[in-house]
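entry23.csv (CSV, C-alpha atoms and all ligand atoms)
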```csv
chain,number,residue,atom,x,y,z
A,1,MET,CA,70.7,82.8,58.7
A,2,LYS,CA,70.5,81.4,55.3
A,3,ILE,CA,72.4,83.1,52.4
A,4,LEU,CA,69.8,83.7,49.7
A,5,SER,CA,71.8,86.0,47.6
A,6,ALA,CA,75.3,87.6,47.7
A,7,GLU,CA,76.8,89.9,45.2
A,8,PHE,CA,79.8,92.1,44.8
A,9,VAL,CA,78.7,95.7,44.7
A,10,THR,CA,81.6,98.1,44.6
A,11,SER,CA,85.3,98.7,45.6
A,12,VAL,CA,86.1,101.9,47.3
A,13,SER,CA,89.5,103.5,47.8
A,14,LEU,CA,88.3,106.9,49.2
A,15,LEU,CA,86.0,107.5,52.1
A,16,ALA,CA,84.0,110.0,49.9
A,17,GLN,CA,83.0,107.0,47.7
A,18,LEU,CA,81.3,105.0,50.4
A,19,PRO,CA,77.7,103.9,49.5
A,20,ARG,CA,75.1,106.3,50.8
A,21,GLU,CA,72.3,103.9,51.6
A,22,PRO,CA,71.8,103.5,55.4
A,23,ARG,CA,72.1,99.7,55.3
A,24,ALA,CA,73.7,97.8,58.2
A,25,GLU,CA,77.3,97.0,57.6
A,26,ILE,CA,79.4,94.2,59.0
A,27,ALA,CA,83.2,94.7,58.4
A,28,VAL,CA,85.8,92.0,58.2
A,29,VAL,CA,89.5,92.8,59.1
A,30,GLY,CA,92.7,91.0,59.7
A,31,ARG,CA,96.3,90.6,58.7
A,32,SER,CA,97.2,89.9,55.1
A,33,ASN,CA,97.0,86.1,54.4
A,34,VAL,CA,94.9,85.5,57.6
A,35,GLY,CA,92.2,83.8,55.4
A,36,LYS,CA,89.8,86.8,54.9
A,37,SER,CA,88.9,86.1,51.3
A,38,SER,CA,88.5,82.4,52.0
A,39,LEU,CA,86.2,83.1,54.9
A,40,ILE,CA,84.0,85.5,52.9
A,41,ASN,CA,83.7,83.0,50.1
A,42,CYS,CA,82.9,80.3,52.6
A,43,LEU,CA,80.3,82.4,54.5
A,44,LEU,CA,78.6,83.5,51.4
A,45,ARG,CA,79.0,80.1,49.6
A,46,ARG,CA,80.3,81.9,46.5
A,47,ARG,CA,83.5,80.5,45.2
A,48,GLY,CA,85.8,83.3,44.0
A,49,LEU,CA,83.5,86.1,45.0
A,50,ALA,CA,86.2,87.5,47.2
A,51,ARG,CA,89.5,86.7,45.5
A,52,VAL,CA,91.9,84.4,47.3
A,53,SER,CA,94.9,86.3,46.4
A,54,ALA,CA,98.4,85.2,45.7
A,55,THR,CA,99.9,88.7,46.1
A,56,PRO,CA,98.5,90.2,49.2
A,57,GLY,CA,98.9,93.9,50.0
A,58,ARG,CA,98.6,95.1,46.5
A,59,THR,CA,95.4,97.0,46.8
A,60,GLN,CA,93.9,99.2,49.5
A,61,LEU,CA,90.2,98.8,48.8
A,62,LEU,CA,87.1,98.4,50.8
A,63,ASN,CA,85.1,95.7,49.0
A,64,TYR,CA,81.3,95.8,49.4
A,65,PHE,CA,79.2,92.7,49.2
A,66,LEU,CA,75.4,92.9,49.4
A,67,VAL,CA,74.0,90.0,51.3
A,68,ASN,CA,70.3,88.8,51.0
A,69,GLN,CA,69.5,92.3,49.6
A,70,ASP,CA,69.7,93.4,53.1
A,71,PHE,CA,73.1,94.3,54.6
A,72,TYR,CA,76.6,94.9,53.4
A,73,LEU,CA,79.6,92.7,54.3
A,74,VAL,CA,82.6,95.0,53.9
A,75,ASP,CA,86.0,93.4,53.2
A,76,LEU,CA,88.6,95.8,54.7
A,77,PRO,CA,92.2,95.8,53.4
A,78,GLY,CA,94.5,93.5,55.3
A,79,TYR,CA,97.2,94.9,57.5
A,80,GLY,CA,100.8,93.9,58.3
A,81,TYR,CA,102.0,92.8,54.9
A,82,ALA,CA,105.7,93.7,55.2
A,83,ARG,CA,106.4,93.6,51.4
A,84,ALA,CA,103.6,96.0,50.5
A,85,PRO,CA,105.0,99.2,48.9
A,86,GLU,CA,105.4,102.1,51.3
A,87,SER,CA,102.8,104.2,49.4
A,88,ILE,CA,100.2,101.5,50.0
A,89,ARG,CA,101.1,101.1,53.7
A,90,ARG,CA,100.7,104.8,54.1
A,91,THR,CA,97.1,104.9,52.9
A,92,TRP,CA,96.0,101.9,55.0
A,93,GLY,CA,95.6,104.0,58.3
A,94,PRO,CA,93.6,106.9,57.0
A,95,LEU,CA,91.3,104.7,54.9
A,96,VAL,CA,90.6,101.9,57.4
A,97,GLU,CA,90.7,104.1,60.6
A,98,GLY,CA,88.6,106.8,58.9
A,99,TYR,CA,86.0,104.2,57.9
A,100,LEU,CA,85.9,102.6,61.4
A,101,ALA,CA,85.7,105.9,63.2
A,102,ALA,CA,83.0,107.5,61.0
A,103,ARG,CA,80.7,104.8,59.7
A,104,ARG,CA,77.5,105.1,61.7
A,105,ASN,CA,75.8,102.0,60.2
A,106,LEU,CA,78.7,99.8,61.1
A,107,ARG,CA,77.2,97.2,63.4
A,108,VAL,CA,80.2,94.9,64.2
A,109,VAL,CA,83.7,94.2,63.1
A,110,VAL,CA,84.7,90.6,62.6
A,111,VAL,CA,88.4,90.4,63.6
A,112,LEU,CA,90.3,87.5,62.0
A,113,LEU,CA,93.2,85.9,63.9
A,114,ASP,CA,95.4,83.1,62.5
A,115,ALA,CA,94.9,80.0,64.7
A,116,ARG,CA,98.6,79.1,64.4
A,117,GLN,CA,100.1,82.6,65.0
A,118,GLY,CA,97.7,83.7,67.7
A,119,VAL,CA,97.4,87.4,68.5
A,120,THR,CA,100.1,89.6,67.0
A,121,GLU,CA,101.0,93.2,68.0
A,122,ARG,CA,99.1,94.4,65.0
A,123,ASP,CA,96.0,92.5,66.0
A,124,LEU,CA,96.2,94.0,69.4
A,125,GLN,CA,96.5,97.5,67.9
A,126,MET,CA,93.4,96.8,65.9
A,127,THR,CA,91.3,95.5,68.9
A,128,ARG,CA,92.4,98.4,71.0
A,129,LEU,CA,91.4,100.8,68.3
A,130,LEU,CA,88.0,99.1,68.1
A,131,ASP,CA,87.6,99.4,71.9
A,132,GLU,CA,88.6,103.1,71.7
A,133,LEU,CA,85.9,103.7,69.0
A,134,SER,CA,83.4,101.8,71.1
A,135,LEU,CA,82.8,99.3,68.3
A,136,ASP,CA,81.6,95.8,68.9
A,137,TRP,CA,83.9,93.2,67.5
A,138,VAL,CA,83.9,89.4,67.2
A,139,PRO,CA,87.2,87.4,67.3
A,140,VAL,CA,87.4,84.6,64.8
A,141,LEU,CA,90.3,82.1,64.8
A,142,THR,CA,90.9,81.2,61.2
A,143,LYS,CA,92.5,78.0,59.7
A,144,ILE,CA,91.5,76.1,62.8
A,145,ASP,CA,91.8,72.9,60.8
A,146,LYS,CA,95.6,73.4,60.9
A,147,LEU,CA,95.7,72.8,64.7
A,148,ARG,CA,95.7,69.4,66.2
A,149,ARG,CA,92.8,68.6,68.5
A,150,THR,CA,95.1,68.6,71.5
A,151,ALA,CA,96.6,72.0,70.7
A,152,ARG,CA,93.4,73.7,69.8
A,153,GLN,CA,91.9,74.4,73.3
A,154,ALA,CA,95.2,75.7,74.7
A,155,GLN,CA,95.5,78.1,71.7
A,156,ILE,CA,91.9,79.3,72.1
A,157,CYS,CA,92.6,80.0,75.8
A,158,GLY,CA,95.8,81.7,75.0
A,159,VAL,CA,94.1,84.0,72.4
A,160,ALA,CA,91.4,84.8,75.0
A,161,HIS,CA,94.0,85.8,77.5
A,162,ALA,CA,96.0,87.9,75.0
A,163,LEU,CA,92.8,89.7,74.0
A,164,ASP,CA,91.8,90.1,77.7
A,165,LEU,CA,88.5,88.3,77.2
A,166,SER,CA,86.8,86.9,80.2
A,167,ASP,CA,85.2,84.0,78.3
A,168,SER,CA,87.1,82.1,75.6
A,169,ARG,CA,83.7,81.0,74.2
A,170,SER,CA,83.3,84.4,72.6
A,171,ILE,CA,86.0,83.3,70.1
A,172,ILE,CA,84.7,81.5,67.0
A,173,PRO,CA,87.0,78.8,65.7
A,174,PHE,CA,86.7,78.8,61.9
A,175,SER,CA,87.8,76.8,58.9
A,176,ALA,CA,87.1,77.7,55.3
A,177,LYS,CA,88.2,74.2,54.5
A,178,SER,CA,85.8,72.2,56.8
A,179,GLU,CA,83.2,75.0,57.2
A,180,GLU,CA,83.6,74.7,61.0
A,181,GLY,CA,82.3,77.8,62.6
A,182,ARG,CA,80.3,79.0,59.6
A,183,GLU,CA,76.9,78.7,61.2
A,184,SER,CA,78.1,80.3,64.4
A,185,LEU,CA,79.6,83.3,62.6
A,186,LEU,CA,76.5,83.7,60.4
A,187,ALA,CA,74.3,83.6,63.5
A,188,ALA,CA,76.5,86.3,65.2
A,189,ILE,CA,76.4,88.4,62.0
A,190,ASP,CA,72.6,88.0,61.8
A,191,GLY,CA,72.1,89.1,65.3
A,192,MET,CA,74.3,92.2,64.9
A,193,ALA,CA,72.9,93.2,61.5
A,194,HIS,CA,69.3,93.0,62.8
A,195,LYS,CA,69.7,94.3,66.3
A,196,ARG,CA,66.8,96.7,66.8
A,197,PHE,CA,68.7,99.3,68.7
A,198,HIS,CA,72.3,100.1,68.1
A,199,PRO,CA,74.4,102.6,70.2
A,200,ARG,CA,75.9,104.2,67.1
A,201,ASP,CA,72.5,105.3,66.0
A,202,SER,CA,71.9,107.2,69.2
A,203,ALA,CA,73.6,109.8,71.5
A,204,LEU,CA,73.8,107.3,74.3
A,205,THR,CA,77.1,106.1,75.5
A,206,PRO,CA,77.9,102.9,73.6
A,207,THR,CA,79.3,99.8,75.1
A,208,SER,CA,82.5,98.4,73.7
A,209,GLY,CA,84.5,95.2,73.4
A,210,PRO,CA,83.6,91.8,71.9
A,211,ALA,CA,80.0,91.7,71.0
A,212,ARG,CA,77.9,89.8,73.6
A,213,LEU,CA,76.5,87.2,71.3
A,214,GLY,CA,74.3,85.4,73.8
A,215,THR,CA,73.5,81.8,72.8
A,216,ALA,CA,74.2,82.5,69.1
A,217,VAL,CA,77.7,81.3,69.2
A,218,THR,CA,77.8,78.8,72.0
A,219,GLY,CA,76.5,75.9,69.9
A,220,ARG,CA,79.6,75.2,67.9
A,221,SER,CA,79.9,72.8,65.0
V,1,LIG,N1,94.0,75.0,55.8
V,1,LIG,C1,93.4,76.2,55.6
V,1,LIG,N2,93.9,77.1,54.8
V,1,LIG,C2,93.2,78.3,54.6
V,1,LIG,C3,92.0,78.6,55.3
V,1,LIG,N3,91.6,79.8,54.9
V,1,LIG,C4,92.6,80.3,54.1
V,1,LIG,N4,93.5,79.4,53.9
V,1,LIG,C5,94.7,79.6,53.0
V,1,LIG,O1,95.5,80.7,53.4
V,1,LIG,C6,96.0,81.4,52.3
V,1,LIG,C7,95.5,82.9,52.4
V,1,LIG,O2,94.1,82.9,52.3
V,1,LIG,P1,93.3,84.2,51.7
V,1,LIG,O3,91.8,83.8,51.9
V,1,LIG,O4,93.8,84.7,50.4
V,1,LIG,O5,93.8,85.2,52.8
V,1,LIG,P2,93.6,86.8,52.9
V,1,LIG,O6,94.9,87.4,52.3
V,1,LIG,O7,93.4,87.2,54.3
V,1,LIG,O8,92.4,87.2,52.0
V,1,LIG,C8,95.5,80.7,51.1
V,1,LIG,O9,96.6,79.9,50.7
V,1,LIG,C9,94.3,79.9,51.6
V,1,LIG,O10,94.1,78.7,50.8
V,1,LIG,C10,91.5,77.6,56.1
V,1,LIG,O11,90.4,77.7,56.8
V,1,LIG,N5,92.2,76.4,56.3
V,2,MG,MG,92.2,88.5,50.4
```
Can the structure from this file be put into structure tokens for me?
Amino acid sequence: MKILSAEFVTSVSLLAQLPREPRAEIAVVGRSNVGKSSLINCLLRRRGLARVSATPGRTQLLNYFLVNQDFYLVDLPGYGYARAPESIRRTWGPLVEGYLAARRNLRVVVVLLDARQGVTERDLQMTRLLDELSLDWVPVLTKIDKLRRTARQAQICGVAHALDLSDSRSIIPFSAKSEEGRESLLAAIDGMAHKRFHPRDSALTPTSGPARLGTAVTGRS
């Protein structure tokens, strides 16, 4: 998928403010400081579109980016920032969980995991929630450039094990610095945004767990 256009559309702090058009949505979530803003800027090739923040955890906003005049990339507030004010931490759950549970046009959730830290308890809570909600999700290992070549495969296997994935190839190693994984992630997003049939659109029982991405993500950079 080529990025032809990308623009910031709106920030939402209440579920009642969510856009009403029935566009496909791809959400991005992860711990504060995991590299979410950097990943979005890298994917969309727009420096500074999503701010790379020095003070994480200050805002609880869902940021909407319109991509190719086609689908929304939704930047969800990061979790697990210990120094965030209590009032902010209290609003995270209802806002993010409410969005994930109710948003019918949500196609897939991109779950960011820090390559050096691996899977934390908060990450597991998130992936379990996504499974409970029968949402497809794609694990992405951010800042992969910080791992030495020798440590990297062991870490990927460890993350697959922690997430209970049968195939470690469903994890996308990513670096906003080198752009490794950019094409793989774009291909995965493209596939999910344009899938003709999506369980959330119907009354059929949806399948859950990491999205089956077929060949889209096997050819890594
Ligand atoms: N080496 C390296 N650093 C990164 C990468 N992505 C983000 N960072 C750094 O990690 C910090 C947090 O990044 P940011 O995108 O603001 O994370 P966010 O809080 O999840 O939005 C910043 O200092 C970034 O420069 C990456 O791919 N490689
Ligand atoms: Mg950020």
At a cut-off of 8 Å, using all atoms listed in the file, what residues contact A:Val119? Leave out same-chain residues fewer than 5 positions from it and give the result as a JSON list (two decimals) with C-alpha atoms, keeping the file's coordinate frame.
```json
[["chain", "number", "residue", "atom", "x", "y", "z"],
["A", 113, "LEU", "CA", 93.20, 85.90, 63.90],
["A", 114, "ASP", "CA", 95.40, 83.10, 62.50],
["A", 124, "LEU", "CA", 96.20, 94.00, 69.40],
["A", 159, "VAL", "CA", 94.10, 84.00, 72.40],
["A", 162, "ALA", "CA", 96.00, 87.90, 75.00],
["A", 163, "LEU", "CA", 92.80, 89.70, 74.00]]
```
Kindly provide, as lines of an AutoDock Vina configuration file, the centre and edge lengths (Å, one decimal) of an axis-aligned box around all atoms of ligand LIG 1 (chain V) given in the file, with 6 Å on each side.
```
center_x = 93.5
center_y = 81.2
center_z = 53.6
size_x = 18.2
size_y = 24.4
size_z = 18.4
```
From the set A:Phe174, A:Arg31, A:Asp136, A:Gly118, which residue has the shortest atom-to-atom contact distance to A:Cys157, counting only C-alpha atoms?
A:Gly118
Could you report the residues within 7 Å of ligand LIG 1 (chain V), using all atoms listed in the file, as number ranges by chain?
A: 30-39, 51-54, 56, 78, 142-146, 174-177
Figure out the distance between atom CA of A:Ile3 and atom CA of A:Ala102, please, to one decimal in Å.
28.0 Å
Name the residues in contact with A:Ile156 at a cut-off of 12 Å, using all atoms listed in the file, excluding same-chain residues fewer than 4 positions from it; report them as an MDAnalysis selection string.
chainID A and resid 113:119 139:142 144 147 149:152 160:163 165 167:174
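Distance-wise, atom CA of A:Leu62 and atom CA of A:Asp75 end up 5.7 Å apart.
Atom CA of A:Leu95 is positioned 25.8 Å from atom CA of A:Ala188.
Across A:Ile189, A:Leu49, A:Arg89, A:Leu135, the tightest approach to A:Arg104 is made by A:Leu135 when counting all atoms listed in the file.
Nearest residue to A:Val108, choosing from A:Asp70, A:Asp131, A:Glu86, A:Glu7 and counting all atoms listed in the file: A:Asp131.
Nearest residue to A:Val109 among A:Met1, A:Val138, A:Leu133, A:Val67 is A:Val138, counting all atoms listed in the file.
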